[in-house]
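What follows is query17.cif (mmCIF, C-alpha atoms).
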```
data_entry
#
loop_
_atom_site.label_atom_id
_atom_site.label_comp_id
_atom_site.auth_asym_id
_atom_site.auth_seq_id
_atom_site.Cartn_x
_atom_site.Cartn_y
_atom_site.Cartn_z
CA MET B 1 4.18 9.42 44.94
CA ASN B 2 3.68 10.47 41.32
CA LYS B 3 6.70 9.72 39.16
CA LYS B 4 7.88 12.18 36.56
CA PRO B 5 6.35 11.42 33.12
CA ILE B 6 8.65 10.23 30.38
CA SER B 7 8.57 12.26 27.18
CA ILE B 8 9.24 10.44 23.89
CA ILE B 9 10.05 12.56 20.85
CA VAL B 10 8.70 10.47 17.97
CA TYR B 11 10.43 12.56 15.28
CA LYS B 12 13.88 11.68 16.63
CA THR B 13 13.64 8.08 15.46
CA ALA B 14 10.68 8.08 13.07
CA GLY B 15 11.33 11.27 11.08
CA ASN B 16 8.75 13.69 9.70
CA PHE B 17 6.80 10.90 7.95
CA ALA B 18 6.44 8.37 10.76
CA GLU B 19 5.77 5.15 8.86
CA ASN B 20 8.52 2.69 9.79
CA LYS B 21 6.80 0.02 11.87
CA ASP B 22 10.12 -1.36 13.06
CA VAL B 23 10.77 2.03 14.64
CA ALA B 24 7.26 2.07 16.14
CA ARG B 25 7.79 -1.38 17.62
CA LYS B 26 11.14 -0.33 19.09
CA ILE B 27 9.65 2.78 20.70
CA ARG B 28 6.85 0.66 22.14
CA GLN B 29 9.07 -2.11 23.44
CA ASP B 30 12.07 -0.08 24.59
CA ARG B 31 10.47 3.12 25.84
CA ILE B 32 6.70 3.00 26.36
CA ILE B 33 6.22 -0.40 27.99
CA PRO B 34 9.19 -0.10 30.38
CA ALA B 35 7.88 3.31 31.49
CA LEU B 36 4.36 1.99 32.05
CA GLU B 37 5.77 -0.98 33.95
CA LYS B 38 7.49 1.51 36.26
CA SER B 39 4.14 3.30 36.71
CA GLN B 40 5.40 6.34 34.85
CA GLU B 41 3.11 8.34 32.62
CA VAL B 42 4.13 8.65 28.98
CA ILE B 43 4.02 11.70 26.74
CA LEU B 44 4.26 10.84 23.04
CA ASP B 45 5.45 14.06 21.44
CA PHE B 46 4.75 14.31 17.70
CA GLN B 47 6.43 17.70 17.22
CA LYS B 48 7.80 17.94 13.64
CA VAL B 49 5.97 14.76 12.57
CA GLU B 50 4.09 15.91 9.48
CA SER B 51 2.32 12.66 8.71
CA THR B 52 2.08 9.05 9.74
CA THR B 53 0.26 5.83 8.83
CA GLN B 54 -2.41 3.79 10.54
CA SER B 55 0.08 0.89 10.58
CA PHE B 56 2.71 2.94 12.41
CA ILE B 57 0.26 4.13 15.06
CA HIS B 58 -1.14 0.61 15.44
CA ALA B 59 2.37 -0.79 15.96
CA LEU B 60 3.10 2.01 18.41
CA ILE B 61 0.09 1.72 20.73
CA SER B 62 -2.26 -1.20 20.01
CA ALA B 63 -0.38 -3.65 22.25
CA LEU B 64 -0.82 -1.26 25.16
CA PHE B 65 -4.59 -1.77 25.05
CA ARG B 66 -4.12 -5.52 25.22
CA ASN B 67 -1.57 -5.31 28.02
CA TYR B 68 -3.15 -2.63 30.18
CA GLY B 69 -6.75 -2.24 28.97
CA ASP B 70 -8.48 0.96 27.89
CA ASP B 71 -7.35 2.69 31.09
CA VAL B 72 -3.90 2.96 29.55
CA LEU B 73 -5.24 6.12 27.92
CA ASP B 74 -5.21 7.74 31.36
CA ARG B 75 -1.44 7.21 31.41
CA ILE B 76 -0.53 8.34 27.89
CA THR B 77 -0.69 11.85 26.50
CA PHE B 78 -0.29 12.73 22.82
CA LYS B 79 1.42 16.06 22.35
CA ASN B 80 1.95 18.42 19.39
CA CYS B 81 -0.14 16.35 16.97
CA ASN B 82 -1.29 17.89 13.72
CA GLU B 83 -4.72 17.03 12.29
CA THR B 84 -3.54 13.97 10.33
CA VAL B 85 -1.69 12.50 13.28
CA LYS B 86 -4.63 13.21 15.62
CA LYS B 87 -7.08 11.52 13.28
CA LEU B 88 -4.95 8.43 12.80
CA ILE B 89 -4.41 8.11 16.56
CA ASN B 90 -8.15 8.41 17.10
CA ILE B 91 -8.87 5.79 14.42
CA VAL B 92 -6.51 3.29 16.05
CA ILE B 93 -7.75 4.02 19.58
CA GLU B 94 -11.38 3.64 18.57
CA TYR B 95 -10.56 0.44 16.69
CA MET B 96 -8.74 -1.08 19.65
CA GLN B 97 -11.56 -0.22 22.07
CA LEU B 98 -14.18 -1.63 19.72
CA SER B 99 -12.10 -4.78 19.32
CA ALA B 100 -11.74 -5.40 23.05
CA MET P 1 7.93 -17.24 -19.05
CA LYS P 2 6.92 -14.76 -21.72
CA ILE P 3 5.62 -11.25 -21.34
CA HIS P 4 4.77 -8.69 -23.99
CA LEU P 5 4.64 -4.93 -23.52
CA PRO P 6 1.82 -3.74 -25.76
CA ASN P 7 1.23 -0.27 -27.15
CA SER P 8 -1.16 0.53 -24.31
CA ALA P 9 -1.74 -1.04 -20.89
CA PHE P 10 -3.27 1.16 -18.23
CA LEU P 11 -5.50 0.10 -15.37
CA GLY P 12 -8.64 0.70 -17.41
CA ASN P 13 -7.46 -1.61 -20.21
CA VAL P 14 -4.90 -3.78 -18.40
CA ASP P 15 -6.74 -7.09 -18.85
CA PRO P 16 -5.30 -8.06 -22.26
CA PHE P 17 -1.77 -7.35 -21.00
CA LEU P 18 -2.30 -9.62 -17.98
CA ALA P 19 -4.01 -12.29 -20.07
CA SER P 20 -1.08 -12.40 -22.52
CA PHE P 21 1.44 -13.25 -19.80
CA ASN P 22 2.76 -16.80 -20.09
CA PRO P 23 4.03 -18.03 -16.70
CA ASN P 24 5.29 -21.40 -17.96
CA GLY P 25 9.02 -22.11 -17.75
CA LYS P 26 10.20 -20.39 -14.57
CA ASP P 27 13.88 -20.55 -15.55
CA THR P 28 13.66 -18.36 -18.64
CA LEU P 29 12.09 -15.03 -19.47
CA GLU P 30 11.31 -13.71 -22.94
CA ILE P 31 10.27 -10.09 -23.29
CA SER P 32 8.77 -8.67 -26.45
CA PHE P 33 7.51 -5.20 -27.31
CA ASN P 34 4.99 -3.54 -29.53
CA LYS P 35 6.88 -2.48 -32.66
CA LYS P 36 5.51 1.04 -32.95
CA TRP P 37 4.69 2.56 -29.62
CA ILE P 38 4.75 1.54 -25.97
CA PHE P 39 2.74 3.58 -23.50
CA VAL P 40 2.06 1.59 -20.35
CA HIS P 41 1.22 1.93 -16.69
CA PRO P 42 4.22 1.66 -14.31
CA LEU P 43 2.54 -1.51 -13.04
CA ALA P 44 3.42 -3.28 -16.31
CA LEU P 45 7.07 -2.25 -16.00
CA SER P 46 7.19 -3.29 -12.34
CA MET P 47 5.84 -6.71 -13.24
CA VAL P 48 8.42 -7.25 -15.99
CA ALA P 49 11.25 -6.09 -13.71
CA ALA P 50 10.03 -8.29 -10.84
CA LEU P 51 9.99 -11.32 -13.14
CA ALA P 52 13.49 -10.51 -14.37
CA LEU P 53 14.80 -10.68 -10.80
CA THR P 54 13.67 -14.31 -10.54
CA VAL P 55 15.63 -15.49 -13.58
CA ASP P 56 19.36 -15.81 -14.18
CA SER P 57 20.31 -12.94 -16.47
CA SER P 58 21.78 -15.37 -19.00
CA ASN P 59 18.28 -16.82 -19.43
CA ILE P 60 16.61 -13.51 -20.24
CA VAL P 61 15.85 -12.96 -23.89
CA CYS P 62 14.88 -9.40 -24.66
CA GLU P 63 13.69 -8.43 -28.11
CA GLN P 64 15.31 -5.36 -29.65
CA VAL P 65 13.05 -2.36 -29.05
CA GLU P 66 12.00 -0.80 -32.30
CA ALA P 67 9.35 1.50 -30.91
CA ARG P 68 10.22 5.18 -30.56
CA SER P 69 9.21 4.97 -26.93
CA GLY P 70 12.25 2.81 -26.22
CA HIS P 71 13.77 5.90 -24.64
CA TYR P 72 10.97 5.83 -22.09
CA LEU P 73 11.79 2.23 -21.11
CA GLU P 74 15.47 3.13 -20.83
CA ARG P 75 14.71 6.13 -18.63
CA MET P 76 12.48 4.00 -16.41
CA GLY P 77 15.42 1.65 -15.89
CA LEU P 78 13.82 -1.44 -17.38
CA PHE P 79 16.94 -2.60 -19.23
CA ASP P 80 19.02 -2.36 -16.06
CA PHE P 81 16.69 -4.87 -14.46
CA LEU P 82 16.85 -7.09 -17.55
CA LYS P 83 20.66 -6.72 -17.58
CA VAL P 84 20.63 -6.09 -21.32
CA LYS P 85 22.09 -3.22 -23.33
CA SER P 86 19.28 -1.45 -25.12
CA GLY P 87 21.60 0.55 -27.35
CA ILE P 88 19.52 3.61 -26.45
CA SER P 89 21.46 6.56 -25.12
CA ILE P 90 19.89 9.17 -22.87
CA SER P 91 21.27 12.69 -22.74
CA GLU P 92 22.30 13.63 -19.22
CA HIS P 93 21.00 17.11 -19.89
CA GLU P 94 17.45 15.95 -20.53
CA PRO P 95 15.10 17.19 -17.81
CA ALA P 96 14.33 14.64 -15.13
CA GLY P 97 10.58 14.74 -15.71
CA ARG P 98 8.18 13.56 -13.09
CA PHE P 99 8.74 9.87 -12.62
CA ILE P 100 10.31 7.35 -10.31
CA PRO P 101 12.31 4.79 -12.26
CA LEU P 102 12.01 1.12 -11.44
CA THR P 103 13.28 0.65 -7.91
CA GLN P 104 13.81 -2.51 -5.91
CA ILE P 105 13.14 -2.25 -2.17
CA LYS P 106 14.20 -5.15 0.00
CA ASN P 107 14.11 -3.80 3.51
CA SER P 108 12.41 -1.39 5.85
CA ASN P 109 15.20 1.18 6.02
CA LYS P 110 15.54 1.38 2.26
CA LEU P 111 11.81 2.05 2.07
CA SER P 112 12.11 4.91 4.57
CA ASP P 113 14.99 6.42 2.56
CA PHE P 114 13.04 5.98 -0.67
CA LEU P 115 9.98 7.76 0.75
CA LYS P 116 12.11 10.81 1.54
CA ASP P 117 13.45 11.00 -2.02
CA MET P 118 10.20 10.20 -3.76
CA ILE P 119 8.29 13.44 -3.34
CA PRO P 120 10.89 15.75 -4.99
CA LEU P 121 11.13 13.32 -7.92
CA LEU P 122 7.42 13.61 -8.56
CA HIS P 123 7.38 17.39 -7.87
CA LEU P 124 4.34 16.96 -5.64
CA GLU P 125 2.53 19.60 -3.64
CA PRO P 126 2.08 18.78 0.06
CA LYS P 127 -1.64 18.16 -0.48
CA HIS P 128 -0.89 15.32 -2.88
CA ALA P 129 2.34 14.12 -1.31
CA GLU P 130 0.68 12.91 1.86
CA SER P 131 -1.69 10.44 0.17
CA ILE P 132 0.97 9.17 -2.21
CA GLN P 133 3.60 8.63 0.47
CA TYR P 134 0.97 6.86 2.53
CA ILE P 135 0.02 4.51 -0.30
CA VAL P 136 3.60 3.61 -1.23
CA SER P 137 4.59 3.06 2.40
CA GLU P 138 1.69 0.74 3.14
CA LEU P 139 1.96 -1.23 -0.12
CA VAL P 140 5.70 -1.80 0.10
CA ARG P 141 5.53 -2.67 3.80
CA ASN P 142 2.89 -5.27 2.94
CA VAL P 143 5.36 -6.87 0.54
CA LEU P 144 8.23 -6.75 3.03
CA GLU P 145 6.13 -8.20 5.87
CA HIS P 146 3.95 -10.75 4.13
CA SER P 147 5.31 -11.82 0.75
CA ALA P 148 8.48 -13.61 1.90
CA SER P 149 9.95 -12.63 -1.44
CA PRO P 150 13.76 -12.61 -1.41
CA ASN P 151 13.62 -9.90 -4.05
CA GLY P 152 11.33 -7.60 -2.06
CA ALA P 153 9.15 -5.14 -3.95
CA VAL P 154 9.71 -3.53 -7.33
CA LEU P 155 7.97 -0.25 -7.92
CA ALA P 156 7.76 2.58 -10.40
CA ALA P 157 5.65 5.72 -10.63
CA GLN P 158 5.01 8.38 -13.20
CA TYR P 159 3.13 11.62 -13.60
CA PHE P 160 0.90 11.83 -16.70
CA LYS P 161 0.31 15.43 -17.65
CA LYS P 162 -2.73 14.94 -19.88
CA SER P 163 -4.78 13.32 -17.12
CA ASN P 164 -2.92 15.11 -14.28
CA THR P 165 -2.50 11.73 -12.64
CA ILE P 166 0.24 9.94 -10.74
CA ARG P 167 0.30 6.24 -11.62
CA ILE P 168 2.04 3.80 -9.30
CA GLY P 169 2.83 0.12 -9.82
CA ILE P 170 4.25 -2.28 -7.25
CA ALA P 171 4.97 -5.96 -7.91
CA ASP P 172 6.47 -8.85 -6.00
CA THR P 173 7.09 -12.50 -6.76
CA GLY P 174 6.48 -13.80 -3.26
CA LEU P 175 3.88 -16.08 -1.68
CA GLY P 176 0.82 -14.38 -3.10
CA ILE P 177 -2.27 -13.26 -1.22
CA LYS P 178 -3.99 -16.64 -0.90
CA GLU P 179 -1.10 -18.32 0.88
CA THR P 180 -0.68 -15.33 3.19
CA ILE P 181 -4.37 -15.04 4.08
CA ASN P 182 -4.79 -18.82 4.43
CA VAL P 183 -2.56 -18.82 7.51
CA SER P 184 -5.58 -17.46 9.39
CA TYR P 185 -8.59 -17.52 7.06
CA PRO P 186 -9.92 -20.27 4.81
CA ALA P 187 -10.03 -18.66 1.38
CA ASP P 188 -10.70 -21.35 -1.22
CA ASN P 189 -9.45 -19.34 -4.14
CA TYR P 190 -7.43 -16.25 -5.01
CA LEU P 191 -10.43 -14.04 -5.65
CA GLU P 192 -11.80 -14.74 -2.18
CA ALA P 193 -8.33 -14.20 -0.68
CA ILE P 194 -8.10 -10.81 -2.39
CA ARG P 195 -11.58 -9.92 -1.11
CA LEU P 196 -10.57 -10.80 2.45
CA ALA P 197 -7.27 -8.92 2.18
CA LEU P 198 -9.15 -5.77 1.18
CA MET P 199 -11.53 -5.98 4.15
CA PRO P 200 -10.63 -3.97 7.25
CA GLY P 201 -9.39 -5.93 10.23
CA ILE P 202 -8.48 -9.07 8.32
CA THR P 203 -4.83 -10.08 8.31
CA GLY P 204 -3.11 -13.35 7.60
CA THR P 205 -1.27 -13.01 10.90
CA THR P 206 -4.25 -13.71 13.20
CA THR P 207 -8.00 -14.33 13.36
CA ARG P 208 -8.25 -12.08 16.41
CA ILE P 209 -10.33 -8.94 15.97
CA GLY P 210 -7.96 -6.03 16.48
CA GLY P 211 -5.07 -7.82 14.80
CA THR P 212 -1.70 -8.45 16.38
CA ASP P 213 0.61 -5.97 18.10
CA ASP P 214 2.13 -5.13 14.72
CA ASN P 215 -0.66 -5.78 12.23
CA ALA P 216 -4.19 -4.40 12.14
CA GLY P 217 -5.05 -5.82 8.73
CA ALA P 218 -6.17 -2.45 7.48
CA GLY P 219 -3.46 -1.32 5.05
CA LEU P 220 -5.11 -2.42 1.81
CA PHE P 221 -8.52 -1.27 3.01
CA PHE P 222 -7.14 2.23 3.61
CA ILE P 223 -5.54 2.30 0.15
CA LYS P 224 -8.67 1.07 -1.60
CA SER P 225 -10.62 3.69 0.35
CA ILE P 226 -8.24 6.50 -0.68
CA ALA P 227 -8.69 5.44 -4.31
CA ASN P 228 -12.44 5.20 -3.84
CA VAL P 229 -12.87 8.65 -2.31
CA ASN P 230 -10.64 10.17 -4.99
CA ARG P 231 -12.51 8.25 -7.73
CA ASP P 232 -9.33 6.57 -8.92
CA PHE P 233 -8.49 3.17 -10.35
CA PHE P 234 -7.01 0.56 -8.01
CA MET P 235 -6.08 -2.95 -9.12
CA ILE P 236 -4.70 -5.98 -7.34
CA TYR P 237 -3.57 -9.15 -9.11
CA SER P 238 -2.42 -12.34 -7.39
CA GLY P 239 -2.46 -15.97 -8.48
CA ASP P 240 -5.08 -16.37 -11.18
CA SER P 241 -7.26 -13.50 -9.99
CA MET P 242 -7.57 -9.77 -10.36
CA TYR P 243 -9.81 -7.27 -8.57
CA LYS P 244 -10.17 -3.81 -10.03
CA LEU P 245 -11.88 -0.90 -8.32
CA LEU P 246 -13.43 1.05 -11.15
CA ARG P 247 -13.12 4.77 -11.42
CA LYS P 248 -16.28 6.53 -10.33
CA THR P 249 -17.73 9.01 -12.71
CA GLY P 250 -20.20 11.82 -12.17
CA ARG P 251 -20.15 14.80 -9.90
CA ASN P 252 -21.90 13.28 -6.90
CA LYS P 253 -19.76 14.42 -3.99
CA ARG P 254 -21.17 11.83 -1.60
CA HIS P 255 -18.68 9.10 -0.88
CA VAL P 256 -19.86 5.71 0.28
CA LEU P 257 -17.15 3.38 1.48
CA TYR P 258 -17.76 -0.30 1.96
CA ALA P 259 -15.83 -2.76 4.06
CA ASP P 260 -16.61 -5.50 1.53
CA PRO P 261 -14.86 -4.67 -1.77
CA ASN P 262 -17.50 -6.61 -3.69
CA LYS P 263 -19.98 -3.85 -2.84
CA ASP P 264 -17.80 -1.24 -4.55
CA GLN P 265 -18.08 -0.62 -8.27
CA HIS P 266 -15.53 -3.12 -9.53
CA SER P 267 -14.57 -5.77 -12.04
CA LYS P 268 -12.90 -9.06 -11.24
CA ARG P 269 -11.50 -12.12 -12.97
CA ASN P 270 -10.25 -15.51 -11.88
CA ASP P 271 -9.10 -16.84 -15.23
CA LEU P 272 -5.81 -15.03 -15.65
CA PRO P 273 -2.35 -16.55 -16.08
CA PHE P 274 -0.91 -17.40 -12.68
CA TRP P 275 1.09 -14.57 -11.12
CA GLN P 276 3.28 -15.98 -8.36
CA GLY P 277 3.14 -13.06 -5.96
CA THR P 278 1.11 -9.89 -6.00
CA ALA P 279 0.96 -6.88 -8.27
CA VAL P 280 -0.84 -3.67 -7.38
CA GLY P 281 -1.56 -0.64 -9.51
CA ILE P 282 -3.16 2.62 -8.49
CA ASP P 283 -3.91 5.93 -10.19
CA ILE P 284 -4.08 9.12 -8.16
CA SER P 285 -5.79 11.96 -9.97
CA LEU P 286 -4.29 15.20 -8.71
CA ASP P 287 -7.39 17.14 -9.75
CA ALA P 288 -9.67 15.07 -7.55
CA THR P 289 -7.41 14.35 -4.60
CA SER P 290 -9.09 15.32 -1.36
CA GLU P 291 -7.16 16.61 1.60
CA PHE P 292 -5.73 13.61 3.39
CA THR P 293 -7.40 14.54 6.68
CA ALA P 294 -10.78 14.62 4.93
CA LEU P 295 -10.12 11.14 3.56
CA LEU P 296 -9.47 9.91 7.07
CA ASP P 297 -12.91 11.06 8.21
CA TYR P 298 -14.57 8.91 5.57
CA ILE P 299 -12.38 5.93 6.34
CA ARG P 300 -12.88 6.12 10.12
CA ASP P 301 -16.62 5.56 9.97
CA THR P 302 -16.42 2.53 7.71
CA TYR P 303 -13.51 1.04 9.62
CA SER P 304 -15.30 1.24 12.97
CA LYS P 305 -18.55 -0.07 11.53
CA ALA P 306 -16.74 -3.08 10.06
CA VAL P 307 -15.26 -3.98 13.45
CA ARG P 308 -18.66 -3.71 15.13
CA GLU P 309 -20.20 -5.97 12.49
CA ARG P 310 -17.42 -8.55 12.81
CA LYS P 311 -17.85 -8.58 16.58
CA GLN P 312 -21.60 -8.92 16.31
CA ALA P 313 -21.18 -11.83 13.91
CA LYS P 314 -19.29 -13.66 16.68
CA TYR P 315 -21.95 -13.04 19.38
CA LYS P 316 -23.62 -16.12 20.69
CA LYS P 317 -27.23 -16.34 19.58
CA ALA P 318 -30.24 -17.22 21.71
CA LYS P 319 -31.86 -20.55 21.04
CA PHE P 320 -35.61 -20.36 20.56
CA ILE P 321 -37.76 -23.44 20.44
#
```
Translate this file's structure into structure tokens.
Amino acid sequence: MNKKPISIIVYKTAGNFAENKDVARKIRQDRIIPALEKSQEVILDFQKVESTTQSFIHALISALFRNYGDDVLDRITFKNCNETVKKLINIVIEYMQLSA
Amino acid sequence: MKIHLPNSAFLGNVDPFLASFNPNGKDTLEISFNKKWIFVHPLALSMVAALALTVDSSNIVCEQVEARSGHYLERMGLFDFLKVKSGISISEHEPAGRFIPLTQIKNSNKLSDFLKDMIPLLHLEPKHAESIQYIVSELVRNVLEHSASPNGAVLAAQYFKKSNTIRIGIADTGLGIKETINVSYPADNYLEAIRLALMPGITGTTTRIGGTDDNAGAGLFFIKSIANVNRDFFMIYSGDSMYKLLRKTGRNKRHVLYADPNKDQHSKRNDLPFWQGTAVGIDISLDATSEFTALLDYIRDTYSKAVRERKQAKYKKAKFI
């Protein structure tokens, strides 16, 4: 049975410039990983996030590649990303897959 | 310690200022000024303020400022850090200008608050704000995560109308780059440590390609790349060494980014007075600043290529006899 995906609003804790790695780590540890462990899909919603940093995105998702492999991308969806956010997510994802 | 603020010290001509620093005698700090005029990069002010935080205020000797530009130092908050009365009064009705006075940041939340306030102070357009917020966030987070400095980071920034440039300086008095990098990589000297720190995918926290869960080792590479694409100065000084990315000239629109900073047009020195910690200066020309998303396209290619090359370097090789 498919479980309902969990939606995480990044702006709520990270603000419109998502750069605080402590916040990224907390989202990863407290929200994303527990959801994946329960076989839930995760929607990372970047609505109202105007910009971010490579470090923030790395802290948010890089560990997921190590824990679950590249297939984790089948279980995460990135929503409402502007061009900057999209590009930084793609940079980190490509980097993690190349590093595997 | 002794440090002298000269009449001019910008990234292009910063070497004599750095070379005149005397790091001997950690318990005292003497500050002197050019008598006529002081016009310096915020990096110079950040360094003086960072030093002042390491010394008991009773052991700080600050020469009386005679230069007319003493008002500038007062407005930038230098004398507050030195805990001395300059005798210079600033009218509250003077316009704020476009600068960020010397600011000490000791933790992650203060940095986040600072980043929100920073853009209005510099009166930046969104196009420019994104790169500048990015640079300050990454540089200060580097200090907070790696320097182990109890005083955190000291930074200042200012807009210079004539060159239409934002100049940013960030200094800390922590471990320095060599000690940080040496946890994972064998850098024999500061210059090599700086080179490694500027390469993508290299972090003092691990030798693993891909970094740790919280560190990719790419922050300084991204910043150097932003400066490179925008044809701006970028300088990093730690221990006895300094690496300076030189400003590109000419109208050639083609940008070539290198993973190895030694392939960029640069100058470097390893004979400077010892700076315990790290100091970084960067100039962002608002005329030349590319859209941030365009910068990311350039950076992505070089970043990926560097990872591939590092992986290939670790491949086992066939033995032929």
Residue members of the PyMOL selection byres ((chain P) within 9 of (chain B)) in the file shown, as JSON, numbers by chain: {"P": [108, 109, 111, 112, 115, 116, 130, 133, 134, 137, 138, 141, 208, 209, 210, 211, 212, 213, 214, 215, 216, 217, 218, 219, 222, 292, 293, 296, 297, 299, 300, 301, 303, 304, 307, 308, 311]}
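Relative to atom CA of P:Ala227, atom CA of P:Pro16 is found at 22.7 Å.
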Residue contacts of stretch 238-245 of chain P (10 Å, all atoms listed in the file) excluding same-chain residues fewer than 6 positions away, as an MDAnalysis selection string: chainID P and resid 11:12 14:15 18:19 171:179 189:195 198 224:225 227:228 231:232 261:262 264:282
Polymer residues at most 12 Å from P:Leu102, all atoms listed in the file, same-chain spacing of 6 or more positions, as a PyMOL selection string: chain P and resi 42-50+72-82+114+153-158+168-171
Atomic separation - atom CA of P:Arg167 relative to atom CA of P:Met235, Å: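 Computing the Euclidean distance for atom CA of P:Met235 and atom CA of P:Arg167 yields 11.5 Å.
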Computed interatomic separation between atom CA of P:Phe234 and atom CA of P:Lys263 (Å): 14.6 Å
Explicit residue set for the PyMOL selection byres ((chain P and resi 259) around 7), as an NGL selection string: :P and (199-200 or 257-258 or 260-261 or 302 or 306)
Determine the residue set returned by the PyMOL selection byres ((chain B and resi 3) around 12) for the present structure, and present it as a PDB file with C-alpha atoms, in the frame of the given file.
```pdb
ATOM      1  CA  MET B   1       4.180   9.420  44.940  1.00  0.00           C
ATOM      2  CA  ASN B   2       3.680  10.470  41.320  1.00  0.00           C
ATOM      3  CA  LYS B   4       7.880  12.180  36.560  1.00  0.00           C
ATOM      4  CA  PRO B   5       6.350  11.420  33.120  1.00  0.00           C
ATOM      5  CA  ILE B   6       8.650  10.230  30.380  1.00  0.00           C
ATOM      6  CA  ALA B  35       7.880   3.310  31.490  1.00  0.00           C
ATOM      7  CA  LEU B  36       4.360   1.990  32.050  1.00  0.00           C
ATOM      8  CA  GLU B  37       5.770  -0.980  33.950  1.00  0.00           C
ATOM      9  CA  LYS B  38       7.490   1.510  36.260  1.00  0.00           C
ATOM     10  CA  SER B  39       4.140   3.300  36.710  1.00  0.00           C
ATOM     11  CA  GLN B  40       5.400   6.340  34.850  1.00  0.00           C
ATOM     12  CA  GLU B  41       3.110   8.340  32.620  1.00  0.00           C
ATOM     13  CA  VAL B  42       4.130   8.650  28.980  1.00  0.00           C
ATOM     14  CA  ARG B  75      -1.440   7.210  31.410  1.00  0.00           C
TER      15      ARG B  75
END
```
9 Å contact set for P:Glu63, only C-alpha atoms, chain neighbours under 3 positions out, as a PyMOL selection string: chain P and resi 30-33+66
At most 10 Å from (2.7, -1.2, -24.4), file frame, all atoms listed in the file: which residues, as a compact mmCIF listing (two decimals) with C-alpha atoms, in the frame of the given file?
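Everything below was put into point_20.txt:
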```
# COMPACT_ATOMS: atom_id res chain seq x y z
CA HIS P 4 4.77 -8.69 -23.99
CA LEU P 5 4.64 -4.93 -23.52
CA PRO P 6 1.82 -3.74 -25.76
CA ASN P 7 1.23 -0.27 -27.15
CA SER P 8 -1.16 0.53 -24.31
CA ALA P 9 -1.74 -1.04 -20.89
CA PHE P 10 -3.27 1.16 -18.23
CA PHE P 17 -1.77 -7.35 -21.00
CA SER P 32 8.77 -8.67 -26.45
CA PHE P 33 7.51 -5.20 -27.31
CA ASN P 34 4.99 -3.54 -29.53
CA LYS P 35 6.88 -2.48 -32.66
CA LYS P 36 5.51 1.04 -32.95
CA TRP P 37 4.69 2.56 -29.62
CA ILE P 38 4.75 1.54 -25.97
CA PHE P 39 2.74 3.58 -23.50
CA VAL P 40 2.06 1.59 -20.35
CA HIS P 41 1.22 1.93 -16.69
CA ALA P 44 3.42 -3.28 -16.31
CA LEU P 45 7.07 -2.25 -16.00
CA ALA P 67 9.35 1.50 -30.91
CA SER P 69 9.21 4.97 -26.93
```
